[in-house]
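Below is one structure, written out as structure tokens; the observations come after it.
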Amino acid sequence: METKYKYVRIQGLELAENTMYAKGVFSMCWQLVQNEIMDEEDAALFKEIDSWFAESLPWPEPCKNQEKVVCFFKTENTDEMMKMIRPALWLLERYHHPYFLVYTNTPGEIVYEDQYQVAVKVPGELIIEKLQEKWGPE
């Protein structure tokens, strides 16, 4: 039986300072541009990608207000967006920057929704469980 997920987020290992949640694809790429890690041609490519998304998707009100939210794409409408984001993923790979596609049906408390995406309230605290010291069969 195949599970159909409602939402997907592309995120990295590092935490965003304002949300303390894993940085999203745009934040990771902008970090590479601002730290002058990307060469000029690659930075120009990413800026084109970013412009397309800025023009094609509504800017969530909670994001405009710099609220502690993270965004997920809706999988039912992501074909065109994923096609447009692939070059950004290629850039992350080119600069050896790890990222993950996180699929879920329960992203958290949705505080904004449009045709393509949702913004989810970031919980107030991180839950960090103690990791088991040894992995593998006992």
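Just so we're on the same page: first chain in the structure tokens is A, next is B, and so on; residues restart at 1 for each chain, and ligands are numbered from 1 in the order they show up.
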Practice item. Within 12 Å of segment 54-65 of chain A, counting only C-alpha atoms, which residues show up once you throw out same-chain ones fewer than 6 positions away? Write them as a list of chain:residue names, please. Key: A:Asn18, A:Thr19, A:Phe26, A:Lys47, A:Glu48, A:Cys71, A:Phe72, A:Phe73, A:Asn77, A:Thr78, A:Glu80, A:Met81, A:Met84, A:Ile110, A:Val111, A:Tyr112, A:Glu113, A:Asp114, A:Gln115, A:Tyr116, A:Gln117, A:Val118, A:Ala119, A:Val120, A:Lys121, A:Val122
Practice item. Fewer than 4 positions away in the same chain doesn't count, so skip those; otherwise give me all residues within 9 Å of Leu32 of chain A, counting only C-alpha atoms, as number ranges by chain. Key: A: 27-28, 36-38, 43, 92, 95
Review point. What does the distance between atom CA of Tyr99 of chain A and atom CA of Gln66 of chain A come to in Å, to one decimal place?
Key: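 Atom-to-atom, atom CA of Tyr99 of chain A and atom CA of Gln66 of chain A are spaced 23.2 Å apart.
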Review point. When you draw a straight line from atom CA of Val102 of chain A to atom CA of Ile10 of chain A, how long is it in Å?
Key: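 Those two atoms sit 6.2 Å apart.
Of the residues under consideration (A:Ile85, A:Leu91, A:Leu13, A:Met20), A:Ile85 shows the shortest atom-to-atom contact distance to Phe53 of chain A when counting only C-alpha atoms.
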Practice item. Go through chain A and collect every residue that DSSP, computed from the backbone, puts in helix (DSSP H, G or I); the answer should be as a ChimeraX atom specification. Key: /A:25-34,40-56,61-64,75-77,79-94
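Between atom CA of Glu17 of chain A and atom CA of Asn35 of chain A the interatomic distance comes to 16.2 Å.
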Exercise for review: Check the smallest atom-to-atom distance from each of A:Trp90, A:Phe100, A:Tyr21, A:Trp52 to Lys68 of chain A using only C-alpha atoms, then report the winner.
Suggested key: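 When distances to Lys68 of chain A are compared using only C-alpha atoms, the smallest one comes from A:Tyr21.
Of the listed residues A:Ala16, A:Asp42, A:Lys83, A:Gly24, the one whose atoms come nearest to Pro98 of chain A is A:Gly24, with distances taken using only C-alpha atoms.
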Point to revise | Among the residues A:Thr106, A:Val70, A:Arg86, A:Asp50, the one that comes closest to Leu15 of chain A [using only C-alpha atoms] | key: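 Comparing A:Thr106, A:Val70, A:Arg86, A:Asp50 against Leu15 of chain A, the winner is A:Val70.
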Write down as a compact mmCIF listing (two decimals) with N, CA and C atoms, in the first residue's frame the residues belonging to segment 19-69 of chain A that are assigned strand (DSSP E or B) by DSSP computed on the backbone.
# COMPACT_ATOMS: atom_id res chain seq x y z
N ALA A 22 15.06 23.60 10.81
CA ALA A 22 15.98 23.37 9.68
C ALA A 22 15.73 24.38 8.57
N LYS A 23 16.82 24.96 8.06
CA LYS A 23 16.72 25.93 6.97
C LYS A 23 16.12 25.29 5.73
N GLY A 24 15.33 26.07 5.01
CA GLY A 24 14.73 25.61 3.77
C GLY A 24 15.66 25.83 2.59
N VAL A 69 7.54 30.72 11.37
CA VAL A 69 6.83 29.73 10.57
C VAL A 69 7.80 29.08 9.59
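Minimum atom-to-atom distance to Lys74 of chain A, evaluated using only C-alpha atoms, belongs to A:Asn105 out of A:His96, A:Phe46, A:Asn105, A:Cys29.
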